[in-house]
$ cat query-v3.cif   # mmCIF, C-alpha atoms and all ligand atoms
data_entry
#
loop_
_atom_site.label_atom_id
_atom_site.label_comp_id
_atom_site.auth_asym_id
_atom_site.auth_seq_id
_atom_site.Cartn_x
_atom_site.Cartn_y
_atom_site.Cartn_z
CA MET A 90 26.70 53.11 7.47
CA LEU A 91 26.15 56.75 8.48
CA TRP A 92 25.82 59.15 5.53
CA ILE A 93 26.24 62.89 6.01
CA GLU A 94 24.89 65.40 3.54
CA ALA A 95 24.19 69.12 3.35
CA ASP A 96 21.01 70.43 1.77
CA ASP A 97 22.85 73.51 0.52
CA PRO A 98 26.45 74.22 -0.60
CA VAL A 99 26.59 76.75 2.27
CA ARG A 100 26.71 73.85 4.73
CA ALA A 101 29.10 71.66 2.69
CA ASP A 102 32.10 72.47 4.90
CA ASP A 103 30.10 71.68 8.05
CA ALA A 104 29.11 68.35 6.52
CA ARG A 105 32.74 67.55 5.69
CA ARG A 106 33.91 68.36 9.22
CA LEU A 107 31.06 66.39 10.72
CA ALA A 108 31.77 63.35 8.57
CA ALA A 109 35.30 63.31 9.99
CA ARG A 110 34.09 63.83 13.56
CA LEU A 111 31.33 61.21 13.45
CA GLY A 112 33.13 58.69 11.26
CA GLY A 113 30.43 59.04 8.58
CA THR A 114 30.58 58.98 4.79
CA LEU A 115 30.14 62.32 3.09
CA VAL A 116 27.53 62.38 0.35
CA THR A 117 29.37 63.71 -2.68
CA PRO A 118 27.99 67.14 -3.62
CA GLY A 119 25.93 66.94 -6.80
CA THR A 120 24.82 63.36 -6.15
CA ARG A 121 21.55 62.01 -4.81
CA LEU A 122 20.91 59.13 -2.40
CA ALA A 123 18.63 56.29 -3.49
CA HIS A 124 17.85 52.99 -1.83
CA GLY A 125 19.20 49.79 -3.36
CA ARG A 126 20.61 49.03 -6.75
CA VAL A 127 20.10 51.71 -9.39
CA ARG A 128 20.56 50.55 -12.98
CA GLY A 129 21.91 52.72 -15.78
CA ALA A 130 23.07 56.32 -15.75
CA THR A 131 21.05 58.83 -13.71
CA THR A 132 21.00 62.58 -13.51
CA PRO A 133 22.13 63.62 -10.98
CA PRO A 134 24.33 60.59 -10.25
CA VAL A 135 23.09 58.33 -7.48
CA GLN A 136 24.81 56.89 -4.41
CA GLU A 137 23.16 53.72 -3.15
CA THR A 138 21.93 53.36 0.42
CA HIS A 139 20.93 50.13 2.12
CA ASP A 140 18.64 48.94 4.90
CA GLY A 141 20.30 49.80 8.21
CA ASP A 142 22.00 52.92 6.82
CA VAL A 143 21.26 56.25 8.47
CA ILE A 144 21.43 59.64 6.76
CA LEU A 145 22.21 62.84 8.70
CA ARG A 146 21.12 65.83 6.62
CA LEU A 147 22.21 69.30 7.64
CA THR A 148 19.55 71.90 6.92
CA ALA A 149 19.04 75.57 7.73
CA SER A 150 16.60 74.60 10.48
CA GLY A 151 18.81 71.94 12.05
CA PRO A 152 19.78 68.30 11.56
CA VAL A 153 17.40 65.68 10.17
CA LEU A 154 17.91 61.91 10.51
CA ARG A 155 16.59 59.62 7.80
CA SER A 156 16.58 55.91 7.16
CA GLY A 157 18.79 54.61 4.35
CA ALA A 158 15.87 52.31 3.49
CA GLN A 159 13.76 55.35 2.64
CA PRO A 160 16.06 58.27 1.87
CA GLU A 161 13.23 60.28 0.32
CA ARG A 162 10.96 60.05 3.37
CA GLY A 163 10.67 62.80 5.96
CA GLY A 164 12.69 61.21 8.77
CA TYR A 165 13.21 62.57 12.29
CA ARG A 166 13.47 66.30 12.75
CA PRO A 167 14.14 66.91 16.46
CA ASP A 168 11.83 69.33 18.21
CA HIS A 169 13.11 69.66 21.76
CA ALA A 170 11.42 73.06 22.00
CA ALA A 171 8.04 71.30 21.79
CA LEU A 172 9.11 69.03 24.67
CA ALA A 173 10.25 72.04 26.68
CA ALA A 174 6.89 73.72 26.06
CA ARG A 175 4.96 70.80 27.60
CA PRO A 176 7.07 69.77 30.59
CA PRO A 177 5.99 66.83 32.77
CA GLY A 178 4.60 67.70 36.20
CA ARG A 179 5.99 66.56 39.53
CA ARG A 180 3.11 64.07 39.80
CA SER A 181 3.69 62.61 36.34
CA ALA A 182 5.12 59.07 36.19
CA LEU A 183 8.57 60.51 35.50
CA GLY A 184 8.22 63.11 38.26
CA ARG A 185 7.27 60.43 40.79
CA ALA A 186 10.04 58.14 39.62
CA LEU A 187 12.62 60.86 40.31
CA GLY A 188 11.36 61.35 43.88
CA ASP A 189 11.55 64.48 46.00
CA HIS A 190 15.35 64.85 46.21
CA ARG A 191 16.56 65.72 42.75
CA ASP A 192 18.90 68.70 42.94
CA LEU A 193 21.40 66.94 40.70
CA VAL A 194 20.18 64.38 38.18
CA VAL A 195 22.37 62.51 35.70
CA ASP A 196 20.92 61.24 32.45
CA ALA A 197 23.58 58.60 31.85
CA THR A 198 22.21 57.37 28.50
CA ALA A 199 21.19 60.68 26.96
CA GLY A 200 20.75 59.41 23.37
CA LEU A 201 19.05 62.15 21.39
CA GLY A 202 18.44 64.23 24.50
CA GLU A 203 14.65 64.07 24.54
CA ASP A 204 14.42 62.63 28.06
CA THR A 205 17.18 65.03 29.10
CA VAL A 206 14.85 67.94 28.35
CA LEU A 207 12.03 66.37 30.38
CA LEU A 208 14.43 65.77 33.27
CA ALA A 209 15.65 69.36 33.10
CA ALA A 210 12.06 70.52 33.47
CA LEU A 211 11.96 68.63 36.78
CA ALA A 212 15.45 69.22 38.20
CA PRO A 213 17.66 72.32 38.52
CA LEU A 214 20.77 70.61 37.09
CA VAL A 215 21.01 67.65 34.72
CA ILE A 216 24.30 66.19 33.57
CA ALA A 217 23.65 64.45 30.25
CA ILE A 218 26.16 61.74 29.30
CA GLU A 219 26.23 60.20 25.83
CA ARG A 220 28.96 58.05 24.34
CA SER A 221 27.80 58.03 20.73
CA PRO A 222 29.29 60.95 18.77
CA LEU A 223 26.09 61.15 16.71
CA GLY A 224 23.92 61.34 19.82
CA ALA A 225 26.18 63.96 21.39
CA TYR A 226 26.05 66.04 18.19
CA MET A 227 22.24 65.85 18.11
CA ILE A 228 22.10 67.00 21.75
CA GLU A 229 24.47 69.89 21.01
CA CYS A 230 22.12 70.98 18.22
CA ALA A 231 19.11 70.60 20.51
CA LEU A 232 20.75 72.76 23.18
CA ALA A 233 21.58 75.43 20.60
CA ALA A 234 17.97 75.41 19.39
CA LEU A 235 16.64 75.67 22.95
CA ALA A 236 19.06 78.49 23.75
CA ALA A 237 17.60 80.47 20.84
CA GLY A 238 14.00 79.80 21.89
CA THR A 239 11.47 80.97 24.46
CA ASP A 240 12.37 81.97 28.03
CA ARG A 241 11.31 78.53 29.23
CA ALA A 242 13.38 76.77 26.55
CA ARG A 243 16.43 78.88 27.40
CA ALA A 244 16.03 78.12 31.10
CA ILE A 245 15.93 74.40 30.35
CA ALA A 246 19.02 74.60 28.13
CA ARG A 247 20.91 76.36 30.94
CA ARG A 248 20.17 73.45 33.29
CA ILE A 249 21.78 70.85 31.00
CA ASP A 250 25.49 70.04 31.15
CA LEU A 251 26.45 67.72 28.26
CA ARG A 252 29.40 65.34 28.64
CA THR A 253 30.53 63.05 25.83
CA GLY A 254 31.93 59.72 26.93
CA ASP A 255 31.14 56.45 28.63
CA ALA A 256 29.00 56.90 31.71
CA ARG A 257 30.63 53.88 33.33
CA THR A 258 33.84 55.90 33.50
CA ILE A 259 32.33 59.34 34.12
CA LEU A 260 29.82 58.48 36.87
CA PRO A 261 32.37 57.54 39.56
CA THR A 262 34.25 60.82 38.96
CA LEU A 263 31.27 63.11 39.63
CA ASP A 264 31.65 65.34 42.67
CA PRO A 265 29.20 65.92 44.23
CA ALA A 266 27.58 62.58 43.56
CA PRO A 267 24.20 62.91 41.84
CA ASP A 268 20.96 62.47 43.76
CA VAL A 269 19.38 60.52 40.93
CA ILE A 270 20.83 58.63 37.99
CA TYR A 271 18.47 57.99 35.10
CA LEU A 272 19.11 55.17 32.62
CA ASP A 273 17.38 54.41 29.35
CA PRO A 274 19.47 51.74 27.62
CA MET A 275 18.39 50.47 24.21
CA PHE A 276 15.37 48.21 24.40
CA GLU A 277 15.48 44.74 22.92
CA PRO A 278 14.25 44.81 19.31
CA ARG A 279 10.52 44.39 19.04
CA ARG A 280 9.42 41.22 17.29
CA ARG A 281 6.13 42.42 15.84
CA ALA A 282 6.43 44.93 13.00
CA SER A 283 3.18 46.50 14.23
CA ALA A 284 4.94 47.43 17.47
CA LEU A 285 8.05 49.10 16.10
CA ALA A 286 10.08 51.39 18.35
CA PRO A 287 9.70 55.09 17.49
CA LEU A 288 11.64 56.18 14.39
CA PRO A 289 14.25 58.29 16.24
CA LEU A 290 15.25 55.34 18.41
CA ARG A 291 15.34 52.95 15.44
CA LEU A 292 17.66 55.35 13.63
CA LEU A 293 19.87 55.82 16.68
CA ARG A 294 19.99 52.10 17.26
CA ALA A 295 21.09 51.50 13.66
CA VAL A 296 24.15 53.66 14.43
CA VAL A 297 24.98 52.82 18.06
CA GLY A 298 23.69 49.22 18.22
CA ASP A 299 22.55 47.55 21.43
CA ASP A 300 23.68 48.44 24.91
CA PRO A 301 24.92 45.02 26.07
CA ASP A 302 26.72 46.60 29.04
CA ALA A 303 23.49 48.00 30.55
CA ALA A 304 23.78 45.72 33.60
CA ASP A 305 27.30 46.94 34.27
CA LEU A 306 26.10 50.53 33.97
CA LEU A 307 23.23 49.86 36.37
CA ALA A 308 25.63 48.39 38.95
CA ILE A 309 27.93 51.43 38.68
CA ALA A 310 24.95 53.79 38.86
CA ARG A 311 23.76 52.09 42.05
CA ARG A 312 27.20 52.56 43.59
CA THR A 313 27.29 56.24 42.56
CA ALA A 314 23.82 57.70 43.13
CA ARG A 315 23.00 59.20 46.53
CA ARG A 316 19.23 58.62 46.47
CA ARG A 317 18.00 56.48 43.60
CA VAL A 318 18.52 55.05 40.16
CA VAL A 319 15.63 55.15 37.72
CA VAL A 320 15.59 52.82 34.71
CA LYS A 321 13.15 53.42 31.88
CA ARG A 322 11.81 50.21 30.36
CA ARG A 323 9.11 49.31 27.89
CA GLY A 324 5.96 47.94 29.57
CA ARG A 325 6.69 44.22 29.67
CA SER A 326 10.42 44.04 29.06
CA PRO A 327 12.35 42.30 31.86
CA VAL A 328 14.23 44.25 34.48
CA ILE A 329 17.88 44.77 33.67
CA ASP A 330 19.66 41.71 34.97
CA ALA A 331 22.52 43.04 37.06
CA GLY A 332 22.91 39.66 38.74
CA GLY A 333 26.49 39.17 37.64
CA HIS A 334 27.36 42.77 38.42
CA GLY A 335 26.18 43.09 42.02
CA ASP A 336 27.61 45.95 43.99
CA GLY A 337 27.88 44.09 47.27
CA THR A 338 25.35 46.24 49.10
CA GLY A 339 23.19 43.20 49.78
CA THR A 340 20.01 44.56 48.23
CA ASP A 341 19.53 41.81 45.70
CA ALA A 342 16.24 39.94 45.80
CA SER A 343 17.70 36.99 47.68
CA SER A 344 18.97 39.08 50.61
CA ARG A 345 16.25 41.72 50.82
CA GLY A 346 12.93 41.54 52.54
CA THR A 347 9.76 42.99 51.09
CA PRO A 348 10.76 45.71 48.65
CA GLY A 349 9.53 49.20 49.36
CA ASP A 350 10.34 52.32 51.26
CA SER A 351 7.62 54.74 52.21
CA ALA A 352 9.81 57.68 51.21
CA GLY A 353 9.66 56.58 47.60
CA ALA A 354 6.32 54.81 47.47
CA CYS A 355 3.67 56.33 45.22
CA ALA A 356 -0.02 55.71 44.85
CA GLY A 357 -0.55 53.26 42.01
CA ASP A 358 3.06 52.13 41.99
CA THR A 359 3.78 48.44 41.95
CA ALA A 360 6.16 46.84 44.40
CA ALA A 361 8.85 45.02 42.50
CA GLY A 362 8.23 41.55 43.82
CA GLY A 363 6.24 40.41 40.81
CA ALA A 364 7.79 42.73 38.27
CA SER A 365 10.05 40.33 36.49
CA ARG A 366 10.18 36.94 34.91
CA VAL A 367 13.95 36.71 35.34
CA ASP A 368 15.72 34.62 37.94
CA ALA A 369 15.07 36.35 41.26
CA ARG A 370 17.93 34.49 42.95
CA SER A 371 20.55 36.49 41.08
CA THR A 372 18.78 39.58 39.78
CA VAL A 373 18.73 42.88 41.64
CA LEU A 374 15.07 43.87 41.59
CA PRO A 375 13.78 47.44 41.68
CA ASP A 376 12.16 48.71 44.87
CA HIS A 377 9.28 50.31 42.96
CA VAL A 378 7.86 50.11 39.49
CA ILE A 379 6.03 53.19 38.27
CA ARG A 380 3.94 52.60 35.20
CA GLY A 381 3.24 55.09 32.46
CA THR A 382 1.04 54.45 29.43
CA LEU A 383 3.51 52.42 27.38
CA LEU A 384 6.58 52.60 29.57
CA ARG A 385 7.54 51.89 33.12
CA TYR A 386 10.20 53.24 35.43
CA ASP A 387 12.08 50.76 37.62
CA VAL A 388 13.22 52.61 40.74
CA TYR A 389 16.19 51.38 42.79
CA LEU A 390 16.51 53.11 46.14
CA ILE A 391 20.01 53.64 47.47
CA ARG A 392 20.83 52.77 51.04
CA HIS A 393 24.51 53.47 51.49
C1 LIG B 401 17.58 54.31 24.09
S1 LIG B 401 18.84 55.49 23.84
C2 LIG B 401 18.41 56.78 24.97
C3 LIG B 401 17.35 57.71 24.41
C4 LIG B 401 17.19 58.93 25.28
N1 LIG B 401 16.61 58.61 26.55
C5 LIG B 401 16.39 60.01 24.57
O1 LIG B 401 15.39 60.49 25.13
O2 LIG B 401 16.75 60.41 23.46
C6 LIG B 401 20.23 54.82 24.68
C7 LIG B 401 21.49 55.67 24.54
O3 LIG B 401 22.33 55.38 25.62
C8 LIG B 401 23.65 55.46 25.19
N2 LIG B 401 24.47 54.71 26.16
C9 LIG B 401 24.32 53.42 26.51
N3 LIG B 401 25.24 53.07 27.43
C10 LIG B 401 25.99 54.17 27.67
C11 LIG B 401 27.11 54.44 28.51
N4 LIG B 401 27.64 53.49 29.27
N5 LIG B 401 27.63 55.68 28.50
C12 LIG B 401 27.08 56.65 27.71
N6 LIG B 401 26.05 56.45 26.88
C13 LIG B 401 25.49 55.23 26.86
C14 LIG B 401 23.63 54.87 23.79
O4 LIG B 401 24.73 55.33 23.03
C15 LIG B 401 22.30 55.39 23.28
O5 LIG B 401 22.48 56.59 22.58
#
$ encode --input "query-v3.cif" --output "C-alpha cells"
Amino acid sequence: MLWIEADDPVRADDARRLAARLGGTLVTPGTRLAHGRVRGATTPPVQETHDGDVILRLTASGPVLRSGAQPERGGYRPDHAALAARPPGRRSALGRALGDHRDLVVDATAGLGEDTVLLAALAPLVIAIERSPLGAYMIECALAALAAGTDRARAIARRIDLRTGDARTILPTLDPAPDVIYLDPMFEPRRRASALAPLPLRLLRAVVGDDPDAADLLAIARRTARRRVVVKRRGRSPVIDAGGHGDGTGTDASSRGTPGDSAGACAGDTAAGGASRVDARSTVLPDHVIRGTLLRYDVYLIRH
C-alpha cells in the first residue's frame, strides 16, 4: 500500500490530489502512522502500516519516501543536485558504456531519475521514460529542484525530457531514433539480508514490483536504438534473457561469431562470451561487459 501524507496543513490539498493521481491512501490529517498493531486508544490516533507499505511524505523541501515497516525512520530524501554536482566523466564505466555517439539517449526505465541525471551529464538530450506514476512524480520533483539550483543543475534539468508511459510502446514512436537506449530493470531480490539493495530501490520496488517484461523491453530497445543498448546489472546477475523475444537480426549467441567491435571496445572491458550462466543457445548475449565497482553494464551493439 502507498500512503501519502503532508507534514503541514499547507500541503494537505497537494497530498489529496496526489493520492488520487498515484492511487495512494491519504493519511488522515491529525493521525499518525505506526507500524503493526497498536492496542488501546492513542493520542493522536494511529493508522497502522505494514511491511511492504511505502509512505510518501510531502515536505517543504520536497518529497520523502519511507518504509511502512519503519515509518519513524528517515527514509529516502532525493538529492539529484548532489548527483549533478559530481557528474561521471566520459571515461567512467557509464561514459564508456554509452560510447562516443550519444547525441540522443533514452533512459527507458527512469525509476527515481538518479541515472537519468548521470546520463544527462554525459549526453545533450535524454528522454526519460517511466511507467510508474510514483516514479514519474519523483522525477518531476527532481527536475523542479534541479531547475532551481546551480547553473550546472539547471543545465542538466534542461537536457531531460520526461515521458510517462510504457517504454515498449513509446520507444518505437521516437523520431529521430535514439543513439543509445539505457535500461535498468528491477534486479532480482537479493537473498542475503547483508546485501540488500539500496533503500530507494527497495521502496520503489515495493510499489512497482518486478519488471518481468524486461526481456521484451530489451528486444524492442535493440530494434529501436541506432547505435547501442546499455543494460545496467548487478555484478553477478545473469544477462537479461531475451531468447524468446529475438528481434530477428541474427545477433544471438548461436549465430554470431566472436563478440566485439573495436568501435565499442574499451580497455578493461570483458567480451561477453563468458559473461553469463544462462543458456547461450537461446540468449542474446551482450557484445561488451563494462564493469564498475558493484555494477556492470551489458552493451549490445546495433548493426542494422
Ligand atoms: C530499477 S528501477 C530504475 C532506477 C533508475 N535507474 C534510477 O536511477 O532511479 C526500474 C524502473 O523501470 C521502470 N520500468 C520497467 N519497465 C518499464 C517499461 N517498459 N516502461 C517504463 N518504465 C519501466 C519501473 O517502473 C521502475 O521504476
$ residues_around --input "query-v3.cif" --residues "Pro118 (chain A)" --least-positions-apart "2" --cutoff "9 Å" --atoms "all atoms listed in the file" --output "PDB file with C-alpha atoms, in the coordinates of the input"
ATOM      1  CA  GLU A  94      24.890  65.400   3.540  1.00  0.00           C
ATOM      2  CA  ALA A  95      24.190  69.120   3.350  1.00  0.00           C
ATOM      3  CA  PRO A  98      26.450  74.220  -0.600  1.00  0.00           C
ATOM      4  CA  ALA A 101      29.100  71.660   2.690  1.00  0.00           C
ATOM      5  CA  LEU A 115      30.140  62.320   3.090  1.00  0.00           C
ATOM      6  CA  VAL A 116      27.530  62.380   0.350  1.00  0.00           C
ATOM      7  CA  THR A 120      24.820  63.360  -6.150  1.00  0.00           C
ATOM      8  CA  ARG A 121      21.550  62.010  -4.810  1.00  0.00           C
TER       9      ARG A 121
END
$ axis_aligned_box --input "query-v3.cif" --around "region 90-100 of chain A" --padding-each-side "5 Å" --output "lines of an AutoDock Vina configuration file"
center_x = 23.9
center_y = 64.9
center_z = 3.9
size_x = 15.7
size_y = 33.6
size_z = 19.1
$ atom_distance --input "query-v3.cif" --atom1 "CA of Pro177 (chain A)" --atom2 "CA of Val206 (chain A)"
10.0 Å
$ residues_near_ligand --input "query-v3.cif" --ligand "ligand LIG 401 (chain B)" --cutoff "7 Å" --atoms "all atoms listed in the file" --output "mmCIF file with C-alpha atoms, keeping the file's coordinate frame"
data_model
loop_
_atom_site.group_PDB
_atom_site.id
_atom_site.type_symbol
_atom_site.label_atom_id
_atom_site.label_comp_id
_atom_site.auth_asym_id
_atom_site.auth_seq_id
_atom_site.Cartn_x
_atom_site.Cartn_y
_atom_site.Cartn_z
ATOM 1 C CA ALA A 197 23.580 58.600 31.850
ATOM 2 C CA THR A 198 22.210 57.370 28.500
ATOM 3 C CA ALA A 199 21.190 60.680 26.960
ATOM 4 C CA GLY A 200 20.750 59.410 23.370
ATOM 5 C CA LEU A 201 19.050 62.150 21.390
ATOM 6 C CA GLY A 202 18.440 64.230 24.500
ATOM 7 C CA GLU A 203 14.650 64.070 24.540
ATOM 8 C CA ASP A 204 14.420 62.630 28.060
ATOM 9 C CA THR A 205 17.180 65.030 29.100
ATOM 10 C CA ILE A 218 26.160 61.740 29.300
ATOM 11 C CA GLU A 219 26.230 60.200 25.830
ATOM 12 C CA ARG A 220 28.960 58.050 24.340
ATOM 13 C CA SER A 221 27.800 58.030 20.730
ATOM 14 C CA GLY A 224 23.920 61.340 19.820
ATOM 15 C CA GLY A 254 31.930 59.720 26.930
ATOM 16 C CA ASP A 255 31.140 56.450 28.630
ATOM 17 C CA ALA A 256 29.000 56.900 31.710
ATOM 18 C CA ARG A 257 30.630 53.880 33.330
ATOM 19 C CA ASP A 273 17.380 54.410 29.350
ATOM 20 C CA PRO A 274 19.470 51.740 27.620
ATOM 21 C CA MET A 275 18.390 50.470 24.210
ATOM 22 C CA PHE A 276 15.370 48.210 24.400
ATOM 23 C CA LEU A 290 15.250 55.340 18.410
ATOM 24 C CA LEU A 293 19.870 55.820 16.680
ATOM 25 C CA VAL A 297 24.980 52.820 18.060
ATOM 26 C CA ASP A 300 23.680 48.440 24.910
ATOM 27 C CA ASP A 302 26.720 46.600 29.040
ATOM 28 C CA ALA A 303 23.490 48.000 30.550
ATOM 29 C CA LEU A 306 26.100 50.530 33.970
#
$ closest_residue --input "query-v3.cif" --among "A:Leu292, A:Leu208, A:Leu223, A:Val143" --to "Ile249 (chain A)" --atoms "only C-alpha atoms"
A:Leu208
